[in-house]
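Engineer: File follows, protein_17.txt with compact mmCIF, C-alpha atoms:
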# COMPACT_ATOMS: atom_id res chain seq x y z
CA MET L 28 0.00 0.00 0.00
CA ILE L 29 1.04 3.56 -0.62
CA SER L 30 -0.10 6.72 1.15
CA VAL L 31 -2.91 8.97 -0.05
CA ASP L 32 -0.40 11.72 -0.83
CA GLU L 33 1.83 9.40 -2.83
CA ALA L 34 -1.15 8.03 -4.78
CA HIS L 35 -2.24 11.59 -5.55
CA ARG L 36 1.25 12.43 -6.86
CA ARG L 37 1.42 9.34 -9.07
CA LEU L 38 -2.05 9.68 -10.58
CA VAL L 39 -3.13 13.32 -10.45
CA GLU L 40 0.00 15.45 -10.22
CA ALA L 41 1.69 13.44 -12.97
CA ALA L 42 -1.15 14.15 -15.42
CA ARG L 43 -1.07 16.91 -18.04
CA PRO L 44 -3.94 18.52 -19.96
CA ILE L 45 -5.01 16.79 -23.13
CA ARG L 46 -3.97 18.55 -26.35
CA ARG L 47 -7.02 17.97 -28.53
CA THR L 48 -8.98 21.08 -29.39
CA VAL L 49 -12.47 21.65 -30.79
CA CYS L 50 -14.46 24.65 -31.97
CA VAL L 51 -17.73 25.11 -30.10
CA PRO L 52 -20.55 27.64 -30.53
CA LEU L 53 -20.70 30.33 -27.89
CA ARG L 54 -23.76 28.80 -26.24
CA GLU L 55 -21.70 25.67 -25.50
CA ALA L 56 -18.51 27.46 -24.43
CA ALA L 57 -19.18 28.29 -20.76
CA GLY L 58 -16.99 26.23 -18.47
CA ARG L 59 -14.65 25.15 -21.27
CA VAL L 60 -10.92 26.00 -21.35
CA LEU L 61 -9.66 28.26 -24.13
CA ALA L 62 -7.14 26.70 -26.51
CA GLU L 63 -6.10 30.00 -28.12
CA ASP L 64 -6.20 33.72 -27.44
CA VAL L 65 -9.34 35.61 -28.40
CA LEU L 66 -8.73 38.91 -30.18
CA ALA L 67 -11.35 41.58 -30.77
CA THR L 68 -12.53 41.69 -34.38
CA ARG L 69 -14.11 45.11 -33.84
CA THR L 70 -13.97 48.21 -31.66
CA GLN L 71 -16.51 48.43 -28.83
CA PRO L 72 -18.38 50.69 -28.92
CA GLY L 73 -17.77 51.51 -32.55
CA PHE L 74 -18.99 55.09 -32.07
CA ASP L 75 -19.26 57.75 -29.38
CA ALA L 76 -22.40 56.80 -27.44
CA SER L 77 -24.60 58.38 -24.82
CA ALA L 78 -24.30 57.02 -21.28
CA MET L 79 -27.63 58.56 -20.21
CA ASP L 80 -31.06 59.53 -21.47
CA GLY L 81 -31.05 63.24 -22.24
CA TYR L 82 -29.99 65.66 -24.95
CA ALA L 83 -26.89 65.66 -27.16
CA LEU L 84 -25.51 69.15 -27.65
CA GLN L 85 -22.40 71.30 -27.74
CA ALA L 86 -21.05 71.90 -24.24
CA THR L 87 -20.48 75.58 -25.01
CA ASP L 88 -24.27 75.97 -25.45
CA CYS L 89 -24.93 74.56 -21.97
CA GLN L 90 -23.32 77.18 -19.75
CA ALA L 91 -24.89 79.82 -17.51
CA PRO L 92 -26.64 82.06 -18.28
CA PHE L 93 -28.67 79.37 -20.07
CA GLN L 94 -30.39 80.02 -23.38
CA PRO L 95 -33.11 77.94 -25.06
CA LEU L 96 -31.91 75.30 -27.54
CA MET L 97 -33.86 74.02 -30.54
CA VAL L 98 -34.49 70.25 -30.49
CA ILE L 99 -33.94 69.10 -34.08
CA GLY L 100 -34.36 65.34 -33.85
CA GLU L 101 -33.83 62.09 -31.95
CA SER L 102 -31.05 59.48 -31.61
CA ALA L 103 -32.01 56.05 -30.26
CA ALA L 104 -30.08 52.78 -29.89
CA GLY L 105 -29.93 51.20 -33.33
CA ARG L 106 -31.42 54.29 -34.95
CA GLY L 107 -29.03 57.21 -34.81
CA PHE L 108 -29.76 60.82 -35.82
CA ASP L 109 -28.91 61.40 -39.47
CA GLY L 110 -27.57 64.90 -39.31
CA ALA L 111 -25.35 67.24 -37.37
CA VAL L 112 -25.84 69.35 -34.25
CA GLY L 113 -24.94 72.99 -34.67
CA PRO L 114 -24.72 75.91 -32.24
CA GLY L 115 -27.98 76.50 -30.42
CA GLU L 116 -29.28 73.00 -31.25
CA ALA L 117 -29.84 69.73 -29.40
CA VAL L 118 -30.94 66.18 -30.22
CA ARG L 119 -33.05 64.02 -27.92
CA ILE L 120 -30.84 61.00 -27.14
CA PHE L 121 -31.22 57.70 -25.29
CA THR L 122 -28.72 55.49 -23.48
CA GLY L 123 -26.47 53.62 -25.90
CA ALA L 124 -27.46 55.71 -28.91
CA PRO L 125 -24.77 57.20 -31.20
CA LEU L 126 -23.74 60.76 -30.38
CA PRO L 127 -24.69 62.90 -33.38
CA GLN L 128 -22.03 64.66 -35.40
CA GLY L 129 -21.25 68.06 -33.92
CA ALA L 130 -22.37 67.18 -30.38
CA ASP L 131 -19.73 66.72 -27.67
CA ALA L 132 -21.75 66.27 -24.45
CA VAL L 133 -25.06 64.98 -23.09
CA LEU L 134 -27.35 66.93 -20.78
CA ILE L 135 -29.34 64.44 -18.72
CA GLN L 136 -33.10 64.76 -19.05
CA GLU L 137 -33.56 65.61 -15.36
CA ASP L 138 -31.54 68.79 -15.96
CA ALA L 139 -33.50 69.90 -19.02
CA GLU L 140 -36.78 71.82 -19.12
CA ARG L 141 -38.88 71.20 -22.24
CA ARG L 142 -40.86 74.21 -23.31
CA ASP L 143 -44.21 74.45 -25.06
CA ASP L 144 -42.59 75.48 -28.33
CA GLY L 145 -40.50 72.25 -28.36
CA SER L 146 -37.26 73.87 -27.32
CA LEU L 147 -35.38 73.02 -24.14
CA LEU L 148 -33.84 75.19 -21.48
CA PRO L 149 -30.79 73.68 -19.70
CA GLN L 150 -30.88 73.77 -15.91
CA GLU L 151 -27.28 72.62 -15.27
CA ALA L 152 -23.99 73.23 -17.03
CA VAL L 153 -22.11 70.37 -18.73
CA THR L 154 -18.50 69.89 -19.73
CA LYS L 155 -17.16 68.50 -22.99
CA GLY L 156 -17.40 64.69 -22.96
CA GLN L 157 -19.86 64.58 -20.06
CA HIS L 158 -22.09 61.47 -20.11
CA VAL L 159 -20.41 60.30 -23.34
CA ARG L 160 -18.86 56.87 -23.82
CA PRO L 161 -16.09 57.39 -26.36
CA ALA L 162 -15.61 54.91 -29.20
CA GLY L 163 -13.35 52.07 -28.08
CA ILE L 164 -13.76 52.74 -24.34
CA ASP L 165 -14.36 48.99 -23.79
CA PHE L 166 -11.82 47.63 -26.28
CA ALA L 167 -10.29 48.33 -29.68
CA ALA L 168 -10.11 46.01 -32.68
CA GLY L 169 -7.14 43.64 -32.39
CA ARG L 170 -6.93 43.78 -28.59
CA ARG L 171 -6.50 40.45 -26.79
CA LEU L 172 -9.74 39.91 -24.90
CA LEU L 173 -9.18 36.43 -23.44
CA GLU L 174 -6.01 34.40 -22.89
CA THR L 175 -5.25 30.79 -23.72
CA GLY L 176 -5.92 28.50 -20.75
CA LEU L 177 -8.76 30.58 -19.33
CA ARG L 178 -11.80 28.69 -18.09
CA LEU L 179 -14.69 30.52 -19.71
CA SER L 180 -17.03 32.21 -17.27
CA PRO L 181 -20.42 33.60 -18.40
CA GLY L 182 -18.80 37.06 -18.48
CA ALA L 183 -15.95 35.79 -20.66
CA VAL L 184 -18.44 34.24 -23.09
CA ALA L 185 -20.29 37.55 -23.30
CA LEU L 186 -17.00 39.39 -23.94
CA ALA L 187 -16.10 36.99 -26.75
CA ALA L 188 -19.52 37.62 -28.30
CA SER L 189 -19.03 41.37 -28.03
CA GLY L 190 -15.67 40.95 -29.73
CA GLY L 191 -17.40 39.37 -32.72
CA HIS L 192 -16.75 35.64 -32.18
CA PRO L 193 -19.65 33.23 -32.85
CA GLN L 194 -17.53 30.23 -31.79
CA LEU L 195 -14.38 29.56 -29.77
CA ARG L 196 -11.57 27.01 -29.93
CA VAL L 197 -11.34 25.17 -26.62
CA LEU L 198 -9.67 22.09 -25.17
CA ASP L 199 -11.66 18.97 -25.89
CA ARG L 200 -13.34 17.37 -22.89
CA PRO L 201 -11.54 14.31 -21.54
CA LYS L 202 -13.30 11.14 -22.66
CA VAL L 203 -13.83 8.89 -19.65
CA ALA L 204 -15.14 5.34 -20.15
CA VAL L 205 -16.92 3.99 -17.07
CA LEU L 206 -17.53 0.25 -16.63
CA ALA L 207 -19.32 -1.36 -13.68
CA THR L 208 -18.38 -5.00 -13.09
CA GLY L 209 -20.06 -7.89 -11.31
CA ASP L 210 -22.57 -10.69 -11.88
CA GLU L 211 -24.65 -9.25 -9.05
CA LEU L 212 -25.40 -5.96 -10.81
CA VAL L 213 -28.50 -4.92 -12.73
CA GLU L 214 -29.46 -1.51 -14.11
CA PRO L 215 -32.01 0.62 -12.24
CA GLY L 216 -35.52 -0.36 -13.29
CA ALA L 217 -34.55 -3.83 -14.51
CA ALA L 218 -35.85 -7.05 -12.97
CA ILE L 219 -33.65 -7.97 -10.02
CA GLY L 220 -32.85 -11.51 -8.89
CA PRO L 221 -32.59 -12.72 -5.27
CA SER L 222 -28.77 -12.41 -5.25
CA GLN L 223 -28.53 -9.18 -7.20
CA ILE L 224 -28.27 -5.46 -6.43
CA ILE L 225 -28.79 -2.25 -8.38
CA ALA L 226 -25.73 -0.82 -10.13
CA SER L 227 -25.68 2.63 -8.55
CA ASN L 228 -22.02 3.63 -8.28
CA GLY L 229 -21.57 4.36 -11.97
CA TYR L 230 -24.13 7.13 -11.87
CA GLY L 231 -22.41 8.92 -9.02
CA VAL L 232 -18.98 8.47 -10.59
CA ALA L 233 -20.27 9.78 -13.93
CA ALA L 234 -21.71 12.85 -12.22
CA LEU L 235 -18.32 13.56 -10.61
CA VAL L 236 -16.55 13.17 -13.95
CA GLU L 237 -18.94 15.49 -15.77
CA ALA L 238 -18.73 18.13 -13.02
CA ALA L 239 -14.93 18.00 -13.36
CA GLY L 240 -15.14 18.69 -17.10
CA GLY L 241 -15.18 15.22 -18.63
CA THR L 242 -17.42 13.42 -21.10
CA ILE L 243 -18.74 10.00 -20.13
CA ILE L 244 -18.57 6.92 -22.35
CA ASP L 245 -21.02 4.60 -20.59
CA CYS L 246 -19.82 1.01 -20.93
CA GLY L 247 -22.67 -0.38 -18.83
CA ILE L 248 -22.12 -3.56 -16.81
CA ALA L 249 -19.62 -6.34 -17.46
CA ARG L 250 -20.08 -9.81 -16.06
CA ASP L 251 -17.34 -11.42 -13.96
CA ARG L 252 -15.39 -12.59 -17.00
CA GLU L 253 -11.89 -11.45 -17.90
CA ASP L 254 -12.58 -11.51 -21.64
CA GLU L 255 -15.68 -9.32 -21.24
CA ILE L 256 -13.84 -6.74 -19.14
CA ALA L 257 -10.89 -6.83 -21.56
CA SER L 258 -13.18 -6.19 -24.54
CA HIS L 259 -14.41 -2.98 -22.93
CA LEU L 260 -10.82 -1.94 -22.25
CA ASP L 261 -9.97 -2.56 -25.91
CA ARG L 262 -13.01 -0.54 -26.98
CA ALA L 263 -11.91 2.39 -24.80
CA LEU L 264 -8.47 2.28 -26.40
CA ALA L 265 -9.94 2.09 -29.89
CA GLU L 266 -12.21 5.08 -29.25
CA GLY L 267 -9.33 7.19 -27.99
CA CYS L 268 -10.55 7.52 -24.43
CA ASP L 269 -8.37 9.48 -22.04
CA CYS L 270 -9.37 7.42 -19.02
CA PHE L 271 -10.86 3.97 -18.46
CA VAL L 272 -12.60 3.57 -15.10
CA THR L 273 -13.79 0.28 -13.66
CA ILE L 274 -16.03 -0.01 -10.61
CA GLY L 275 -15.74 -3.19 -8.54
CA GLY L 276 -13.43 -6.16 -8.94
CA ALA L 277 -10.38 -4.18 -7.80
CA SER L 278 -9.72 -6.23 -4.66
CA VAL L 279 -8.00 -9.64 -4.39
CA GLY L 280 -10.88 -12.11 -4.21
CA ASP L 281 -11.51 -14.94 -6.67
CA HIS L 282 -14.03 -12.77 -8.54
CA ASP L 283 -11.96 -9.59 -8.48
CA LEU L 284 -10.63 -9.62 -12.03
CA ILE L 285 -9.54 -6.07 -12.79
CA GLY L 286 -5.94 -6.64 -11.70
CA LYS L 287 -5.74 -9.78 -13.83
CA VAL L 288 -7.03 -7.91 -16.89
CA PHE L 289 -4.62 -5.04 -16.29
CA ALA L 290 -1.72 -7.48 -15.99
CA ALA L 291 -2.74 -9.34 -19.17
CA ARG L 292 -2.84 -6.05 -21.09
CA LYS L 293 0.56 -5.09 -19.63
CA VAL L 294 -0.78 -1.96 -17.97
CA ASP L 295 1.94 0.26 -16.49
CA ILE L 296 0.73 0.09 -12.89
CA ALA L 297 1.06 3.23 -10.72
CA PHE L 298 -0.32 1.58 -7.58
CA LEU L 299 -2.60 -1.26 -6.47
CA LYS L 300 -3.72 -0.29 -2.97
CA VAL L 301 -3.92 2.95 -1.01
CA ALA L 302 -3.70 3.24 2.76
CA MET L 303 -7.11 4.85 3.17
CA ARG L 304 -10.50 4.02 4.60
CA PRO L 305 -12.80 3.61 2.74
CA GLY L 306 -11.28 2.86 -0.64
CA LYS L 307 -8.17 0.73 0.02
CA PRO L 308 -8.61 -1.54 -3.06
CA LEU L 309 -7.89 1.31 -5.50
CA MET L 310 -5.61 0.75 -8.47
CA ALA L 311 -4.29 2.99 -11.23
CA GLY L 312 -2.06 2.74 -14.27
CA ARG L 313 -1.85 3.62 -17.94
CA ILE L 314 -1.62 2.17 -21.42
CA GLY L 315 0.03 4.70 -23.67
CA ASP L 316 -1.82 7.98 -23.11
CA MET L 317 -4.90 6.37 -21.55
CA ARG L 318 -5.12 6.35 -17.75
CA LEU L 319 -6.78 3.41 -16.01
CA VAL L 320 -8.47 3.69 -12.63
CA GLY L 321 -9.90 0.69 -10.80
CA LEU L 322 -12.36 1.88 -8.17
CA PRO L 323 -13.62 -0.36 -5.36
CA GLY L 324 -17.15 -1.70 -5.52
CA ASN L 325 -18.60 -0.60 -2.18
CA PRO L 326 -20.65 2.57 -2.78
CA ALA L 327 -18.96 4.86 -0.25
CA SER L 328 -15.53 3.48 -1.14
CA SER L 329 -16.12 4.10 -4.82
CA MET L 330 -17.40 7.64 -4.34
CA VAL L 331 -14.72 8.65 -1.84
CA ALA L 332 -11.96 7.33 -4.09
CA ALA L 333 -13.49 9.04 -7.13
CA THR L 334 -13.74 12.32 -5.21
CA LEU L 335 -10.13 12.17 -4.05
CA PHE L 336 -8.48 10.89 -7.22
CA LEU L 337 -10.68 10.59 -10.31
CA ALA L 338 -12.31 14.04 -10.22
CA PRO L 339 -8.97 15.87 -9.72
CA LEU L 340 -7.45 13.76 -12.51
CA VAL L 341 -10.23 14.73 -14.92
CA ARG L 342 -9.82 18.40 -13.94
CA ARG L 343 -6.11 18.12 -14.79
CA LEU L 344 -6.83 16.44 -18.13
CA ALA L 345 -9.46 19.11 -18.91
CA GLY L 346 -6.97 21.90 -18.27
CA ARG L 347 -8.89 23.29 -15.33
CA PRO L 348 -6.95 24.78 -12.41
CA ASP L 349 -6.30 22.53 -9.43
CA ARG L 350 -8.41 23.06 -6.35
CA PRO L 351 -7.14 22.73 -2.78
CA LEU L 352 -8.24 19.27 -1.71
CA THR L 353 -8.87 20.13 1.95
CA ARG L 354 -9.80 23.13 4.05
CA ALA L 355 -9.71 23.95 7.73
CA ALA L 356 -12.56 23.22 10.14
CA ILE L 357 -13.14 22.31 13.78
CA LEU L 358 -14.70 19.19 15.19
CA GLY L 359 -18.32 19.32 16.23
CA ALA L 360 -18.02 16.09 18.24
CA ASP L 361 -15.37 13.93 19.89
CA VAL L 362 -13.66 11.43 17.58
CA PRO L 363 -11.71 8.30 18.58
CA ALA L 364 -8.09 7.54 17.74
CA ASN L 365 -7.48 6.48 14.15
CA GLY L 366 -5.76 3.36 12.82
CA GLN L 367 -2.92 3.02 10.33
CA ARG L 368 -4.84 4.26 7.29
CA THR L 369 -6.02 7.77 6.44
CA ASP L 370 -9.70 7.82 7.34
CA PHE L 371 -12.33 9.82 5.46
CA MET L 372 -15.42 10.00 7.63
CA ARG L 373 -18.72 10.93 6.00
CA SER L 374 -19.80 14.06 7.85
CA LEU L 375 -22.00 17.13 8.01
CA ALA L 376 -20.29 20.52 7.87
CA THR L 377 -21.99 23.75 8.94
CA THR L 378 -20.77 27.33 9.01
CA ARG L 379 -21.12 29.54 12.06
CA ASP L 380 -21.91 33.26 11.87
CA ASP L 381 -18.21 34.03 12.35
CA GLY L 382 -17.30 31.87 9.33
CA THR L 383 -15.95 28.92 11.34
CA ILE L 384 -16.71 25.56 9.74
CA VAL L 385 -17.86 22.89 12.17
CA VAL L 386 -17.82 19.26 11.03
CA THR L 387 -19.61 16.37 12.72
CA PRO L 388 -19.16 12.74 11.57
CA LEU L 389 -22.34 10.86 10.80
CA PRO L 390 -23.12 7.98 13.20
CA ARG L 391 -22.54 5.09 10.75
CA GLN L 392 -19.42 4.82 8.59
CA ASP L 393 -19.89 1.44 6.88
CA SER L 394 -18.55 1.70 3.31
CA SER L 395 -21.61 -0.08 1.90
CA LEU L 396 -24.06 2.59 3.08
CA LEU L 397 -24.87 4.84 0.16
CA SER L 398 -27.62 6.59 2.17
CA ILE L 399 -24.99 7.83 4.63
CA TYR L 400 -22.73 9.04 1.83
CA ALA L 401 -25.62 10.87 0.15
CA ALA L 402 -26.52 12.56 3.45
CA ALA L 403 -22.96 13.86 3.93
CA ASN L 404 -21.66 17.14 2.56
CA ALA L 405 -18.05 16.70 3.66
CA LEU L 406 -15.39 14.14 4.48
CA LEU L 407 -13.53 14.53 7.76
CA MET L 408 -9.92 13.61 7.04
CA ARG L 409 -8.14 11.76 9.86
CA ALA L 410 -4.41 11.17 9.52
CA PRO L 411 -2.91 7.71 10.11
CA ASP L 412 -2.44 6.97 13.81
CA ALA L 413 -4.12 10.24 14.81
CA GLN L 414 -4.90 10.47 18.51
CA SER L 415 -8.47 10.87 19.77
CA ALA L 416 -9.67 14.47 19.56
CA ARG L 417 -12.30 16.48 21.38
CA ALA L 418 -15.03 18.70 19.96
CA GLY L 419 -13.55 22.07 19.02
CA ALA L 420 -10.19 20.66 17.91
CA PRO L 421 -8.87 21.77 14.50
CA CYS L 422 -9.24 19.36 11.59
CA ARG L 423 -9.25 19.17 7.77
CA ILE L 424 -12.24 18.41 5.59
CA ILE L 425 -12.98 17.72 1.93
CA ASP L 426 -16.15 19.21 0.48
CA LEU L 427 -18.59 16.85 -1.22
CA ALA L 428 -21.15 19.38 -2.40
Kindly transcribe the structure held in the file into structure tokens.
Structural biologist:
Amino acid sequence: MISVDEAHRRLVEAARPIRRTVCVPLREAAGRVLAEDVLATRTQPGFDASAMDGYALQATDCQAPFQPLMVIGESAAGRGFDGAVGPGEAVRIFTGAPLPQGADAVLIQEDAERRDDGSLLPQEAVTKGQHVRPAGIDFAAGRRLLETGLRLSPGAVALAASGGHPQLRVLDRPKVAVLATGDELVEPGAAIGPSQIIASNGYGVAALVEAAGGTIIDCGIARDREDEIASHLDRALAEGCDCFVTIGGASVGDHDLIGKVFAARKVDIAFLKVAMRPGKPLMAGRIGDMRLVGLPGNPASSMVAATLFLAPLVRRLAGRPDRPLTRAAILGADVPANGQRTDFMRSLATTRDDGTIVVTPLPRQDSSLLSIYAAANALLMRAPDAQSARAGAPCRIIDLA
């Protein structure tokens, strides 16, 4: 067995982002990682525009003592005034509308008195450029708007659209094949025999992969036969998958076949067991550029191992920035001394008014209990051979939500 930290180094820290790129429409770009810089194809705004509703005029005509100005037209967004503003004239203007030729300031409508003859009388002085957004104030054509490697936020997608890009080149999503194994498994909704259970782990693992930026290739369920498992492995290789994940069969029993299949395919093994609870029978390796991860079959074991190792691996492959695995908290209850393996206790974390995070382990920690895992929102991390600790003691947690 190797330590959790060493397993993380061998599997996650050793990984590099995939190099494939794809062009996606803007509506599919949020959350993706840019594969090339985005340059503005246009200047924004492309004209001097009004920042307020009011009147476009010459600033020299809007000084005390105020004189009436003739309103000669209107400029609205998408429908600018086709003419010029001369001395003693003004144009009714709305926010975002082009500033007419000859005008150099905007008098806001609250500071203008409209008269019965249609003219206006300014009530406040303005300066040149007041309430005017000059052309190019946001960005100029050719400016770099977004840098390679950026994960696209909604704001970044909007900026790319404003810069004139209907699609963006991004890193392809890692392709992750997920295979559940075991004669005892049936799909949800299928008829279930007296010795069978529902295959649930794959759905949780797939959700973790997709949240981390991956695309799932669902391999379904393989029976306890080496040739059947191997055929799915060969399919994943043929389809260019970046990661092949098995669930179950990673231990050392007579029906635990993943290690045998990996050995037969001459997988470069990174590790076979990790000193952790739950999740000890966790294996990892690679064939060429494809990573292989053998998750344990017990529900909590599978999900904890996927949270600690598979999700961070997929984030790395997707080019997303690493996240700190743990954060500080304090215990909400006493905990006993720990054994020789790093323990990850399914727990509930709450936040006090002062920002302190308080974590309390749930009463049952059996690795087969999916209901307990689903009720948890954090894992309390207990170091190997940790002494018993009282409520209020500092600790480290891993978020599940």
Engineer: So that I can see what lies close to range 247-263 of chain L, please list as number ranges by chain the residues with an atom at most 12 Å from it, counting only C-alpha atoms and leaving out residues fewer than 4 positions away in the same chain.
Structural biologist: L: 202-215, 225-230, 233, 243, 267-277, 280-294, 313-314, 316-321
Engineer: Put those residues in a file: C-alpha atoms, as an mmCIF file, in the coordinates of the input.
Structural biologist:
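Ended up saving to result35.cif:
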data_model
loop_
_atom_site.group_PDB
_atom_site.id
_atom_site.type_symbol
_atom_site.label_atom_id
_atom_site.label_comp_id
_atom_site.auth_asym_id
_atom_site.auth_seq_id
_atom_site.Cartn_x
_atom_site.Cartn_y
_atom_site.Cartn_z
ATOM 1 C CA LYS L 202 -13.300 11.140 -22.660
ATOM 2 C CA VAL L 203 -13.830 8.890 -19.650
ATOM 3 C CA ALA L 204 -15.140 5.340 -20.150
ATOM 4 C CA VAL L 205 -16.920 3.990 -17.070
ATOM 5 C CA LEU L 206 -17.530 0.250 -16.630
ATOM 6 C CA ALA L 207 -19.320 -1.360 -13.680
ATOM 7 C CA THR L 208 -18.380 -5.000 -13.090
ATOM 8 C CA GLY L 209 -20.060 -7.890 -11.310
ATOM 9 C CA ASP L 210 -22.570 -10.690 -11.880
ATOM 10 C CA GLU L 211 -24.650 -9.250 -9.050
ATOM 11 C CA LEU L 212 -25.400 -5.960 -10.810
ATOM 12 C CA VAL L 213 -28.500 -4.920 -12.730
ATOM 13 C CA GLU L 214 -29.460 -1.510 -14.110
ATOM 14 C CA PRO L 215 -32.010 0.620 -12.240
ATOM 15 C CA ILE L 225 -28.790 -2.250 -8.380
ATOM 16 C CA ALA L 226 -25.730 -0.820 -10.130
ATOM 17 C CA SER L 227 -25.680 2.630 -8.550
ATOM 18 C CA ASN L 228 -22.020 3.630 -8.280
ATOM 19 C CA GLY L 229 -21.570 4.360 -11.970
ATOM 20 C CA TYR L 230 -24.130 7.130 -11.870
ATOM 21 C CA ALA L 233 -20.270 9.780 -13.930
ATOM 22 C CA ILE L 243 -18.740 10.000 -20.130
ATOM 23 C CA GLY L 267 -9.330 7.190 -27.990
ATOM 24 C CA CYS L 268 -10.550 7.520 -24.430
ATOM 25 C CA ASP L 269 -8.370 9.480 -22.040
ATOM 26 C CA CYS L 270 -9.370 7.420 -19.020
ATOM 27 C CA PHE L 271 -10.860 3.970 -18.460
ATOM 28 C CA VAL L 272 -12.600 3.570 -15.100
ATOM 29 C CA THR L 273 -13.790 0.280 -13.660
ATOM 30 C CA ILE L 274 -16.030 -0.010 -10.610
ATOM 31 C CA GLY L 275 -15.740 -3.190 -8.540
ATOM 32 C CA GLY L 276 -13.430 -6.160 -8.940
ATOM 33 C CA ALA L 277 -10.380 -4.180 -7.800
ATOM 34 C CA GLY L 280 -10.880 -12.110 -4.210
ATOM 35 C CA ASP L 281 -11.510 -14.940 -6.670
ATOM 36 C CA HIS L 282 -14.030 -12.770 -8.540
ATOM 37 C CA ASP L 283 -11.960 -9.590 -8.480
ATOM 38 C CA LEU L 284 -10.630 -9.620 -12.030
ATOM 39 C CA ILE L 285 -9.540 -6.070 -12.790
ATOM 40 C CA GLY L 286 -5.940 -6.640 -11.700
ATOM 41 C CA LYS L 287 -5.740 -9.780 -13.830
ATOM 42 C CA VAL L 288 -7.030 -7.910 -16.890
ATOM 43 C CA PHE L 289 -4.620 -5.040 -16.290
ATOM 44 C CA ALA L 290 -1.720 -7.480 -15.990
ATOM 45 C CA ALA L 291 -2.740 -9.340 -19.170
ATOM 46 C CA ARG L 292 -2.840 -6.050 -21.090
ATOM 47 C CA LYS L 293 0.560 -5.090 -19.630
ATOM 48 C CA VAL L 294 -0.780 -1.960 -17.970
ATOM 49 C CA ARG L 313 -1.850 3.620 -17.940
ATOM 50 C CA ILE L 314 -1.620 2.170 -21.420
ATOM 51 C CA ASP L 316 -1.820 7.980 -23.110
ATOM 52 C CA MET L 317 -4.900 6.370 -21.550
ATOM 53 C CA ARG L 318 -5.120 6.350 -17.750
ATOM 54 C CA LEU L 319 -6.780 3.410 -16.010
ATOM 55 C CA VAL L 320 -8.470 3.690 -12.630
ATOM 56 C CA GLY L 321 -9.900 0.690 -10.800
#
Engineer: Residues around (-15.4, 22.1, -20.8), cut-off 6 Å, counting only C-alpha atoms - what are they as an mmCIF file with C-alpha atoms, in the coordinates of the input?
Structural biologist:
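As written to disk, part23.cif reads:
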data_model
loop_
_atom_site.group_PDB
_atom_site.id
_atom_site.type_symbol
_atom_site.label_atom_id
_atom_site.label_comp_id
_atom_site.auth_asym_id
_atom_site.auth_seq_id
_atom_site.Cartn_x
_atom_site.Cartn_y
_atom_site.Cartn_z
ATOM 1 C CA GLY L 58 -16.990 26.230 -18.470
ATOM 2 C CA ARG L 59 -14.650 25.150 -21.270
ATOM 3 C CA VAL L 60 -10.920 26.000 -21.350
ATOM 4 C CA ARG L 200 -13.340 17.370 -22.890
ATOM 5 C CA GLY L 240 -15.140 18.690 -17.100
#
Engineer: Which residues, protein or nucleic acid, reach to within 6 Å of (-21.3, 5.7, -2.1) in the file's coordinates when using all atoms listed in the file, and can you give that as a PDB file with C-alpha atoms, in the frame of the given file?
Structural biologist:
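That gives us out32.pdb:
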ATOM      1  CA  PRO L 326     -20.650   2.570  -2.780  1.00  0.00           C
ATOM      2  CA  ALA L 327     -18.960   4.860  -0.250  1.00  0.00           C
ATOM      3  CA  MET L 330     -17.400   7.640  -4.340  1.00  0.00           C
ATOM      4  CA  LEU L 397     -24.870   4.840   0.160  1.00  0.00           C
ATOM      5  CA  TYR L 400     -22.730   9.040   1.830  1.00  0.00           C
TER       6      TYR L 400
END
Engineer: From the options L:Lys155, L:Arg304, L:Arg36, L:Arg160, which residue's atoms come nearest to Ala132 in chain L, counting only C-alpha atoms?
Structural biologist: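 Once distances to Ala132 in chain L are computed over only C-alpha atoms, the minimum belongs to L:Lys155.
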Engineer: Quote the spacing between CA of Ala238 in chain L and CA of Val39 in chain L in Å to one decimal place.
Structural biologist: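 Going from CA of Ala238 in chain L over to CA of Val39 in chain L covers 16.5 Å.
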Engineer: One decimal, in Å: what's the spacing between CA of Phe121 in chain L and CA of Ala104 in chain L?
Structural biologist: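 CA of Ala104 in chain L lies 6.8 Å from CA of Phe121 in chain L.
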Engineer: To one decimal place in Å, what is the distance between CA of Leu84 in chain L and CA of Glu116 in chain L?
Structural biologist: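 About the pair CA of Leu84 in chain L and CA of Glu116 in chain L: they are 6.5 Å apart.
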Engineer: Which residue gives the smallest distance to Ser374 in chain L among L:Pro221, L:Val341, L:Ile425, L:Thr334, with only C-alpha atoms counted?
Structural biologist: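 Using only C-alpha atoms, Ser374 in chain L sits closest to L:Ile425.
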Engineer: Neighbours of Glu40 in chain L within 10 Å (only C-alpha atoms; same-chain residues fewer than 4 positions away dropped), as a short mmCIF file (atom, residue, chain, number, x, y, z; two decimals) with C-alpha atoms, in the frame of the given file?
Structural biologist:
data_model
loop_
_atom_site.label_atom_id
_atom_site.label_comp_id
_atom_site.auth_asym_id
_atom_site.auth_seq_id
_atom_site.Cartn_x
_atom_site.Cartn_y
_atom_site.Cartn_z
CA GLU L 33 1.83 9.40 -2.83
CA ALA L 34 -1.15 8.03 -4.78
CA HIS L 35 -2.24 11.59 -5.55
CA ARG L 36 1.25 12.43 -6.86
CA PRO L 339 -8.97 15.87 -9.72
CA LEU L 340 -7.45 13.76 -12.51
CA ARG L 343 -6.11 18.12 -14.79
CA ASP L 349 -6.30 22.53 -9.43
#
Engineer: Could you pull the residues within 7 Å of Met97 in chain L, counting only C-alpha atoms, minus those fewer than 4 positions along the same chain, as a PyMOL selection string?
Structural biologist: chain L and resi 115-117+146-147
